[in-house]
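Data block for work06.cif (mmCIF, C-alpha atoms and all ligand atoms):
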```
data_protein
#
loop_
_atom_site.label_atom_id
_atom_site.label_comp_id
_atom_site.auth_asym_id
_atom_site.auth_seq_id
_atom_site.Cartn_x
_atom_site.Cartn_y
_atom_site.Cartn_z
CA MET A 79 -84.36 -51.79 17.52
CA ILE A 80 -85.10 -48.25 18.71
CA ARG A 81 -86.61 -45.56 16.48
CA PHE A 82 -87.57 -42.01 17.31
CA ASP A 83 -89.83 -40.41 14.76
CA LYS A 84 -90.01 -36.60 15.27
CA VAL A 85 -90.23 -37.04 19.01
CA THR A 86 -90.91 -33.95 21.08
CA LYS A 87 -91.27 -34.08 24.84
CA THR A 88 -92.35 -31.00 26.73
CA TYR A 89 -92.85 -31.48 30.45
CA PRO A 90 -95.94 -29.92 32.02
CA GLY A 91 -95.36 -26.30 32.94
CA GLN A 92 -92.19 -26.03 30.80
CA LYS A 93 -91.95 -23.71 27.81
CA ARG A 94 -88.99 -25.34 26.11
CA PRO A 95 -89.14 -28.98 25.10
CA ALA A 96 -86.70 -31.39 26.78
CA LEU A 97 -86.48 -33.16 23.41
CA ASP A 98 -87.30 -31.32 20.22
CA ALA A 99 -88.41 -33.22 17.09
CA VAL A 100 -85.77 -35.92 17.50
CA ASP A 101 -85.39 -38.36 14.59
CA LEU A 102 -83.11 -41.28 15.25
CA GLU A 103 -82.60 -44.95 14.64
CA ILE A 104 -80.51 -47.37 16.69
CA GLU A 105 -79.98 -50.81 15.17
CA LYS A 106 -79.94 -54.12 16.98
CA GLY A 107 -76.53 -54.77 18.49
CA GLU A 108 -75.31 -51.16 18.39
CA PHE A 109 -73.43 -49.50 21.25
CA VAL A 110 -74.40 -45.85 21.57
CA PHE A 111 -73.13 -43.11 23.86
CA LEU A 112 -75.50 -40.24 24.58
CA VAL A 113 -73.58 -37.14 25.57
CA GLY A 114 -74.47 -33.53 26.23
CA ALA A 115 -74.53 -30.95 29.00
CA SER A 116 -76.70 -31.35 32.05
CA GLY A 117 -80.31 -30.71 31.04
CA SER A 118 -79.72 -31.46 27.34
CA GLY A 119 -82.31 -34.25 27.34
CA LYS A 120 -80.35 -37.50 27.83
CA SER A 121 -82.42 -38.90 30.70
CA THR A 122 -85.62 -37.88 28.95
CA PHE A 123 -84.47 -39.85 25.90
CA LEU A 124 -83.85 -42.94 28.03
CA ARG A 125 -87.14 -42.57 29.91
CA LEU A 126 -89.05 -42.44 26.64
CA ILE A 127 -87.56 -45.81 25.63
CA LEU A 128 -88.87 -47.32 28.88
CA ARG A 129 -92.20 -45.49 28.59
CA GLU A 130 -91.48 -43.83 31.90
CA ALA A 131 -92.19 -40.64 29.97
CA ARG A 132 -94.47 -40.30 26.98
CA PRO A 133 -93.87 -38.11 23.93
CA THR A 134 -95.86 -34.90 23.58
CA SER A 135 -95.77 -35.57 19.84
CA GLY A 136 -94.05 -38.04 17.54
CA ARG A 137 -93.53 -41.77 17.92
CA VAL A 138 -91.11 -44.00 19.80
CA TYR A 139 -90.67 -47.55 18.48
CA VAL A 140 -88.93 -50.31 20.43
CA ALA A 141 -88.49 -53.66 18.69
CA GLY A 142 -90.93 -52.60 15.99
CA LYS A 143 -93.73 -51.56 18.35
CA GLU A 144 -94.92 -48.02 18.87
CA ILE A 145 -94.69 -48.03 22.63
CA ASN A 146 -97.06 -45.13 23.23
CA LYS A 147 -99.76 -47.39 21.83
CA LEU A 148 -99.07 -50.31 24.17
CA SER A 149 -101.86 -50.93 26.62
CA SER A 150 -100.65 -50.39 30.15
CA TRP A 151 -100.71 -54.11 31.00
CA LYS A 152 -98.12 -54.68 28.25
CA VAL A 153 -95.67 -52.11 29.63
CA PRO A 154 -94.08 -54.56 32.13
CA LYS A 155 -93.33 -56.87 29.21
CA LEU A 156 -91.61 -54.01 27.38
CA ARG A 157 -89.55 -53.19 30.47
CA ARG A 158 -88.48 -56.82 30.79
CA GLN A 159 -86.87 -56.48 27.39
CA VAL A 160 -84.92 -53.40 28.46
CA GLY A 161 -82.40 -53.83 31.29
CA THR A 162 -81.40 -50.72 33.23
CA VAL A 163 -78.28 -49.68 35.13
CA PHE A 164 -77.95 -46.38 37.02
CA GLN A 165 -75.22 -44.30 38.60
CA ASP A 166 -76.40 -45.13 42.13
CA PHE A 167 -76.60 -48.94 41.66
CA ARG A 168 -80.09 -49.24 43.25
CA LEU A 169 -79.51 -52.62 44.88
CA LEU A 170 -81.85 -53.96 47.54
CA PRO A 171 -79.81 -53.37 50.72
CA ASN A 172 -81.32 -56.25 52.71
CA LYS A 173 -80.75 -58.92 50.10
CA THR A 174 -77.53 -60.74 49.25
CA VAL A 175 -75.86 -60.42 45.86
CA THR A 176 -77.46 -63.67 44.71
CA GLU A 177 -80.87 -62.61 46.03
CA ASN A 178 -80.63 -59.22 44.30
CA VAL A 179 -80.00 -60.88 40.94
CA ALA A 180 -82.50 -63.69 41.53
CA PHE A 181 -85.19 -61.18 42.44
CA ALA A 182 -85.21 -59.86 38.86
CA LEU A 183 -86.23 -63.33 37.70
CA GLU A 184 -88.61 -64.08 40.57
CA VAL A 185 -90.77 -61.05 39.82
CA ILE A 186 -91.31 -62.26 36.27
CA GLY A 187 -92.23 -65.74 37.46
CA LYS A 188 -89.22 -67.76 36.30
CA PRO A 189 -89.06 -71.24 37.82
CA ARG A 190 -86.69 -71.83 40.71
CA SER A 191 -84.71 -74.43 38.73
CA GLU A 192 -83.90 -71.84 36.06
CA ILE A 193 -83.06 -69.17 38.65
CA ASN A 194 -80.67 -71.53 40.42
CA LYS A 195 -78.87 -72.18 37.15
CA VAL A 196 -78.80 -68.74 35.55
CA VAL A 197 -77.93 -66.55 38.56
CA PRO A 198 -74.54 -68.20 39.33
CA GLU A 199 -73.69 -68.19 35.61
CA THR A 200 -74.41 -64.47 35.39
CA LEU A 201 -72.47 -63.68 38.58
CA GLU A 202 -69.51 -65.52 37.10
CA MET A 203 -69.85 -63.58 33.87
CA VAL A 204 -69.60 -60.26 35.72
CA GLY A 205 -66.65 -61.44 37.82
CA LEU A 206 -68.46 -61.93 41.12
CA GLU A 207 -68.12 -65.68 41.54
CA GLY A 208 -67.74 -66.55 45.22
CA LYS A 209 -69.38 -63.29 46.34
CA GLY A 210 -73.03 -64.29 46.01
CA HIS A 211 -73.56 -64.48 49.78
CA ARG A 212 -72.31 -60.92 50.45
CA MET A 213 -74.60 -58.03 51.28
CA PRO A 214 -74.33 -54.92 49.04
CA ASP A 215 -72.64 -52.91 51.82
CA GLU A 216 -69.88 -55.53 51.95
CA LEU A 217 -68.90 -54.74 48.36
CA SER A 218 -66.87 -51.98 46.70
CA GLY A 219 -68.68 -49.50 44.44
CA GLY A 220 -67.38 -51.28 41.36
CA GLU A 221 -68.59 -54.63 42.68
CA GLN A 222 -72.00 -53.16 43.48
CA GLN A 223 -72.25 -51.89 39.93
CA ARG A 224 -71.34 -55.39 38.68
CA VAL A 225 -74.28 -56.74 40.68
CA ALA A 226 -76.52 -54.12 39.08
CA VAL A 227 -75.26 -55.12 35.63
CA ALA A 228 -75.85 -58.80 36.45
CA ARG A 229 -79.38 -57.98 37.59
CA ALA A 230 -80.05 -55.98 34.42
CA PHE A 231 -78.69 -58.72 32.16
CA VAL A 232 -79.77 -61.93 33.91
CA ASN A 233 -82.98 -61.97 31.90
CA ARG A 234 -81.03 -61.47 28.62
CA PRO A 235 -82.86 -58.28 27.56
CA MET A 236 -82.67 -57.03 23.96
CA ILE A 237 -81.59 -53.58 25.12
CA LEU A 238 -79.47 -52.40 28.03
CA ILE A 239 -79.85 -48.79 29.11
CA ALA A 240 -77.17 -47.31 31.31
CA ASP A 241 -77.59 -43.82 32.79
CA GLU A 242 -74.18 -42.60 34.01
CA PRO A 243 -73.10 -46.10 35.12
CA THR A 244 -69.54 -44.98 35.92
CA GLY A 245 -70.55 -41.72 37.59
CA ASN A 246 -69.68 -42.94 41.10
CA LEU A 247 -66.61 -44.98 40.19
CA ASP A 248 -62.90 -44.24 39.91
CA PRO A 249 -61.31 -44.42 36.43
CA ALA A 250 -59.82 -47.93 36.77
CA THR A 251 -63.07 -49.38 38.12
CA SER A 252 -64.99 -47.60 35.38
CA VAL A 253 -62.88 -49.33 32.74
CA GLY A 254 -63.84 -52.69 34.27
CA ILE A 255 -67.54 -51.83 34.06
CA MET A 256 -67.14 -50.69 30.45
CA LYS A 257 -65.43 -53.98 29.54
CA LEU A 258 -68.46 -55.72 30.97
CA LEU A 259 -70.91 -53.58 28.98
CA ASP A 260 -68.82 -54.19 25.87
CA ARG A 261 -68.99 -57.92 26.49
CA ILE A 262 -72.75 -57.75 26.91
CA ASN A 263 -72.96 -55.74 23.68
CA ARG A 264 -71.05 -58.52 21.90
CA THR A 265 -73.93 -60.88 22.70
CA ASP A 266 -75.94 -58.68 20.29
CA THR A 267 -77.57 -56.71 23.09
CA THR A 268 -78.16 -53.09 22.09
CA VAL A 269 -76.51 -50.77 24.63
CA VAL A 270 -77.46 -47.12 25.08
CA MET A 271 -75.41 -45.25 27.67
CA ALA A 272 -75.77 -41.64 28.81
CA THR A 273 -72.52 -40.33 30.21
CA HIS A 274 -70.37 -37.35 31.16
CA ASP A 275 -67.26 -39.57 31.26
CA SER A 276 -65.14 -38.19 28.42
CA SER A 277 -62.21 -40.60 28.81
CA ILE A 278 -64.50 -43.63 28.56
CA VAL A 279 -66.16 -42.30 25.40
CA ASP A 280 -62.78 -41.46 23.88
CA GLN A 281 -61.40 -44.93 24.66
CA MET A 282 -64.33 -46.94 23.34
CA ARG A 283 -64.82 -45.21 19.96
CA LYS A 284 -68.46 -46.18 19.57
CA ARG A 285 -71.36 -44.26 18.07
CA VAL A 286 -71.75 -40.91 19.84
CA ILE A 287 -74.97 -38.90 19.80
CA GLU A 288 -74.71 -35.43 21.29
CA LEU A 289 -77.77 -33.56 22.52
CA GLU A 290 -77.94 -29.84 23.11
CA GLY A 291 -81.13 -28.21 24.33
CA GLY A 292 -83.16 -31.24 23.23
CA LEU A 293 -81.71 -31.32 19.69
CA ILE A 294 -79.30 -33.82 18.19
CA VAL A 295 -76.28 -31.71 17.27
CA ARG A 296 -73.90 -34.58 16.44
CA ASP A 297 -74.21 -38.25 15.50
CA GLU A 298 -70.90 -39.98 14.71
CA ALA A 299 -70.27 -43.66 14.02
CA ARG A 300 -66.95 -43.86 15.88
CA GLY A 301 -67.02 -40.67 17.83
CA ILE A 302 -65.25 -38.97 20.68
CA TYR A 303 -66.73 -37.11 23.64
CA GLY A 304 -65.97 -33.86 21.91
CA TYR A 305 -67.18 -31.05 24.16
CA GLN A 306 -66.18 -29.39 27.40
CA ASN A 307 -68.11 -30.30 30.55
N1 LIG B 1 -90.09 -34.21 35.43
C1 LIG B 1 -89.73 -33.06 34.85
N2 LIG B 1 -90.53 -31.97 34.92
C2 LIG B 1 -90.19 -30.79 34.31
N3 LIG B 1 -89.04 -30.63 33.63
C3 LIG B 1 -88.20 -31.67 33.54
C4 LIG B 1 -88.49 -32.93 34.14
N4 LIG B 1 -87.46 -33.79 33.88
C5 LIG B 1 -86.58 -33.09 33.15
N5 LIG B 1 -87.01 -31.81 32.94
C6 LIG B 1 -86.33 -30.77 32.14
O1 LIG B 1 -86.08 -31.29 30.86
C7 LIG B 1 -84.78 -30.91 30.39
C8 LIG B 1 -83.97 -32.15 30.05
O2 LIG B 1 -83.70 -32.87 31.26
P1 LIG B 1 -82.97 -34.30 31.29
O3 LIG B 1 -83.08 -34.81 32.68
O4 LIG B 1 -83.50 -35.14 30.20
O5 LIG B 1 -81.45 -33.87 30.96
P2 LIG B 1 -80.09 -34.71 31.07
O6 LIG B 1 -79.36 -34.43 29.81
O7 LIG B 1 -80.39 -36.10 31.40
O8 LIG B 1 -79.34 -34.01 32.29
P3 LIG B 1 -78.26 -34.63 33.33
O9 LIG B 1 -77.01 -34.82 32.56
O10 LIG B 1 -78.15 -33.55 34.36
O11 LIG B 1 -78.85 -35.90 33.87
C9 LIG B 1 -84.20 -30.03 31.48
O12 LIG B 1 -84.44 -28.70 31.13
C10 LIG B 1 -84.97 -30.41 32.72
O13 LIG B 1 -85.07 -29.35 33.61
#
```
Write the structure described by the file as structure tokens, please.
Ligand SMILES: Nc1ncnc2c1ncn2[C@@H]1O[C@H](COP(=O)(O)OP(=O)(O)OP(=O)(O)O)[C@@H](O)[C@H]1O
Amino acid sequence: MIRFDKVTKTYPGQKRPALDAVDLEIEKGEFVFLVGASGSGKSTFLRLILREARPTSGRVYVAGKEINKLSSWKVPKLRRQVGTVFQDFRLLPNKTVTENVAFALEVIGKPRSEINKVVPETLEMVGLEGKGHRMPDELSGGEQQRVAVARAFVNRPMILIADEPTGNLDPATSVGIMKLLDRINRTDTTVVMATHDSSIVDQMRKRVIELEGGLIVRDEARGIYGYQN
């Protein structure tokens, strides 16, 4: 589903690469934690999958396509197949919960009849039934992150990328979000999550890829967090 073939990314003006000749394959339906110290290259890895950054050398394949070769008008289609969730939720503050989730479908031209059906189903799936009329600031942090997950998943993407999704949440709320991501993963959605949350990684026992200075220093099938923050 995702393949990195000797991918190096050096940002302009930087001597050291943020990612250094990374070779990696992530299969459809896998759940992968990306761990590593601040600056080790996790966000760069995720941005390359979305073509928000482009490799300096090497190739990135998503769903069999080398995404550096996509013409720019095809990039939105790629991004539709990759849902994203971030630490800071990134909801639209002036839209209700329902409108936030519906917006993800409106911008890709889905018909109103489908939106009216799928949005309540997805809100129910993430445990927000009855809260569709609320504004984001009327929700707890955990509920806001559930909205963000609903928005990322409403279009049933092949891949869900989560960059520190529990970074602003307390431990109990974080567990709830992880249960949700696990459930999404069980629908055969590939999940790639960058995190500094050692207890979550240790509880889930999924594949763990550790980056250090842009290199993969560990890749374990049922790993633990395994290093000191
Ligand atoms: N836009 C940029 N321009 C120049 N250098 C950058 C840029 N983005 C990242 N870097 C550098 O690339 C390296 C990897 O950064 P990256 O953001 O991928 O790390 P990270 O593991 O996601 O860190 P964190 O855990 O703090 O989010 C760092 O040395 C960083 O300073």
inquiry  = Just the number, please: distance in Å from CA of Pro90 in chain A to CA of Tyr139 in chain A, one decimal.
reply    =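 A separation of 22.8 Å between them.
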How close does each residue of range 145-228 of chain A get to range 118-124 of chain A, giving the shortest atom pair and distance in Å to one decimal for every residue with an atom at most 12 Å away, counting all atoms listed in the file, sorted by chain and residue number, as a tab-separated table?
```
residue	atom	partner	partner_atom	distance
A:Arg157	CA	A:Leu124	CA	12.0
A:Val160	CA	A:Leu124	CA	10.5
A:Gly161	CA	A:Leu124	CA	11.5
A:Thr162	CA	A:Leu124	CA	9.7
A:Val163	CA	A:Leu124	CA	11.3
A:Phe164	CA	A:Ser121	CA	10.8
A:Gln165	CA	A:Ser121	CA	12.0
```
request  = Could you check which of A:Val286, A:Ile127, A:Ala180, A:Val110 is closest to Val270 in chain A, using only C-alpha atoms?
outcome  =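 Of A:Val286, A:Ile127, A:Ala180, A:Val110, the one nearest Val270 in chain A is A:Val110, counting only C-alpha atoms.
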Enumerate, in order of chain and increasing residue number, the residues of chain A with an atom no farther than 12 Å from ligand LIG 1 (chain B), each with its shortest atom pair and distance in Å to one decimal, counting all atoms listed in the file, as a tab-separated table.
```
residue	atom	partner	partner_atom	distance
A:Thr86	CA	B:LIG1	O1	11.2
A:Lys87	CA	B:LIG1	O1	8.4
A:Thr88	CA	B:LIG1	O1	7.5
A:Tyr89	CA	B:LIG1	C2	4.7
A:Pro90	CA	B:LIG1	C2	6.3
A:Gly91	CA	B:LIG1	C2	7.0
A:Gln92	CA	B:LIG1	C2	6.2
A:Lys93	CA	B:LIG1	N3	9.5
A:Arg94	CA	B:LIG1	O12	7.6
A:Pro95	CA	B:LIG1	O1	6.9
A:Ala96	CA	B:LIG1	C7	4.1
A:Leu97	CA	B:LIG1	C8	7.2
A:Asp98	CA	B:LIG1	C8	10.4
A:Leu112	CA	B:LIG1	O6	8.7
A:Val113	CA	B:LIG1	O6	7.7
A:Gly114	CA	B:LIG1	O6	6.1
A:Ala115	CA	B:LIG1	O9	5.8
A:Ser116	CA	B:LIG1	O10	3.5
A:Gly117	CA	B:LIG1	O5	3.4
A:Ser118	CA	B:LIG1	O6	3.9
A:Gly119	CA	B:LIG1	O4	3.2
A:Lys120	CA	B:LIG1	O6	3.8
A:Ser121	CA	B:LIG1	O7	3.5
A:Thr122	CA	B:LIG1	O4	3.7
A:Phe123	CA	B:LIG1	O4	6.5
A:Leu124	CA	B:LIG1	O4	8.1
A:Arg125	CA	B:LIG1	O4	8.3
A:Leu126	CA	B:LIG1	O4	9.8
A:Glu130	CA	B:LIG1	N1	10.3
A:Ala131	CA	B:LIG1	N1	8.7
A:Arg132	CA	B:LIG1	N1	11.3
A:Phe164	CA	B:LIG1	O11	11.0
A:Gln165	CA	B:LIG1	O11	10.3
A:Ala240	CA	B:LIG1	O7	11.7
A:Asp241	CA	B:LIG1	O11	8.1
A:Glu242	CA	B:LIG1	O11	8.2
A:Pro243	CA	B:LIG1	O11	11.8
A:Gly245	CA	B:LIG1	O9	10.7
A:Met271	CA	B:LIG1	O7	11.1
A:Ala272	CA	B:LIG1	O7	7.7
A:Thr273	CA	B:LIG1	O9	7.5
A:His274	CA	B:LIG1	O9	7.2
A:Asp275	CA	B:LIG1	O9	10.9
A:Ile287	CA	B:LIG1	O6	11.8
A:Glu288	CA	B:LIG1	O6	9.8
A:Leu289	CA	B:LIG1	O6	7.5
A:Glu290	CA	B:LIG1	O6	8.2
A:Gly291	CA	B:LIG1	C8	7.5
A:Gly292	CA	B:LIG1	C8	6.9
A:Leu293	CA	B:LIG1	C8	10.6
A:Ile294	CA	B:LIG1	O6	11.6
A:Asn307	CA	B:LIG1	O9	10.2
```
Please write the residues from the selection above to a file, keeping C-alpha atoms, as a compact mmCIF listing (two decimals), keeping the file's coordinate frame.
```txt
# COMPACT_ATOMS: atom_id res chain seq x y z
CA THR A 86 -90.91 -33.95 21.08
CA LYS A 87 -91.27 -34.08 24.84
CA THR A 88 -92.35 -31.00 26.73
CA TYR A 89 -92.85 -31.48 30.45
CA PRO A 90 -95.94 -29.92 32.02
CA GLY A 91 -95.36 -26.30 32.94
CA GLN A 92 -92.19 -26.03 30.80
CA LYS A 93 -91.95 -23.71 27.81
CA ARG A 94 -88.99 -25.34 26.11
CA PRO A 95 -89.14 -28.98 25.10
CA ALA A 96 -86.70 -31.39 26.78
CA LEU A 97 -86.48 -33.16 23.41
CA ASP A 98 -87.30 -31.32 20.22
CA LEU A 112 -75.50 -40.24 24.58
CA VAL A 113 -73.58 -37.14 25.57
CA GLY A 114 -74.47 -33.53 26.23
CA ALA A 115 -74.53 -30.95 29.00
CA SER A 116 -76.70 -31.35 32.05
CA GLY A 117 -80.31 -30.71 31.04
CA SER A 118 -79.72 -31.46 27.34
CA GLY A 119 -82.31 -34.25 27.34
CA LYS A 120 -80.35 -37.50 27.83
CA SER A 121 -82.42 -38.90 30.70
CA THR A 122 -85.62 -37.88 28.95
CA PHE A 123 -84.47 -39.85 25.90
CA LEU A 124 -83.85 -42.94 28.03
CA ARG A 125 -87.14 -42.57 29.91
CA LEU A 126 -89.05 -42.44 26.64
CA GLU A 130 -91.48 -43.83 31.90
CA ALA A 131 -92.19 -40.64 29.97
CA ARG A 132 -94.47 -40.30 26.98
CA PHE A 164 -77.95 -46.38 37.02
CA GLN A 165 -75.22 -44.30 38.60
CA ALA A 240 -77.17 -47.31 31.31
CA ASP A 241 -77.59 -43.82 32.79
CA GLU A 242 -74.18 -42.60 34.01
CA PRO A 243 -73.10 -46.10 35.12
CA GLY A 245 -70.55 -41.72 37.59
CA MET A 271 -75.41 -45.25 27.67
CA ALA A 272 -75.77 -41.64 28.81
CA THR A 273 -72.52 -40.33 30.21
CA HIS A 274 -70.37 -37.35 31.16
CA ASP A 275 -67.26 -39.57 31.26
CA ILE A 287 -74.97 -38.90 19.80
CA GLU A 288 -74.71 -35.43 21.29
CA LEU A 289 -77.77 -33.56 22.52
CA GLU A 290 -77.94 -29.84 23.11
CA GLY A 291 -81.13 -28.21 24.33
CA GLY A 292 -83.16 -31.24 23.23
CA LEU A 293 -81.71 -31.32 19.69
CA ILE A 294 -79.30 -33.82 18.19
CA ASN A 307 -68.11 -30.30 30.55
```
remark   = Here CA of Glu298 in chain A and CA of Ala226 in chain A stand apart by 28.7 Å
ask   = In Å, with one decimal, what is the gap from CA of Val179 in chain A to CA of Lys257 in chain A?
value =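 Here the two named atoms are 19.7 Å from each other.
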query = Which residue out of A:Gln222, A:Ser191, A:Asn146, A:Thr200 has the minimum interatomic distance to Thr174 in chain A when only C-alpha atoms are used?
reply =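 Going through A:Gln222, A:Ser191, A:Asn146, A:Thr200 one by one, the smallest distance to Thr174 in chain A is for A:Gln222.
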task = Tell me which of A:Lys188, A:Lys173, A:Arg264, A:Arg283 sits closest to Asp215 in chain A, counting only C-alpha atoms.
result =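 Selected residue with least distance to Asp215 in chain A: A:Lys173.
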inquiry  = So that I can see what lies close to Thr265 in chain A, please list as a ChimeraX atom specification the residues with an atom at most 12 Å from it, counting all atoms listed in the file and leaving out residues fewer than 6 positions away in the same chain.
reply    = /A:106-109,231,234-238,258-259
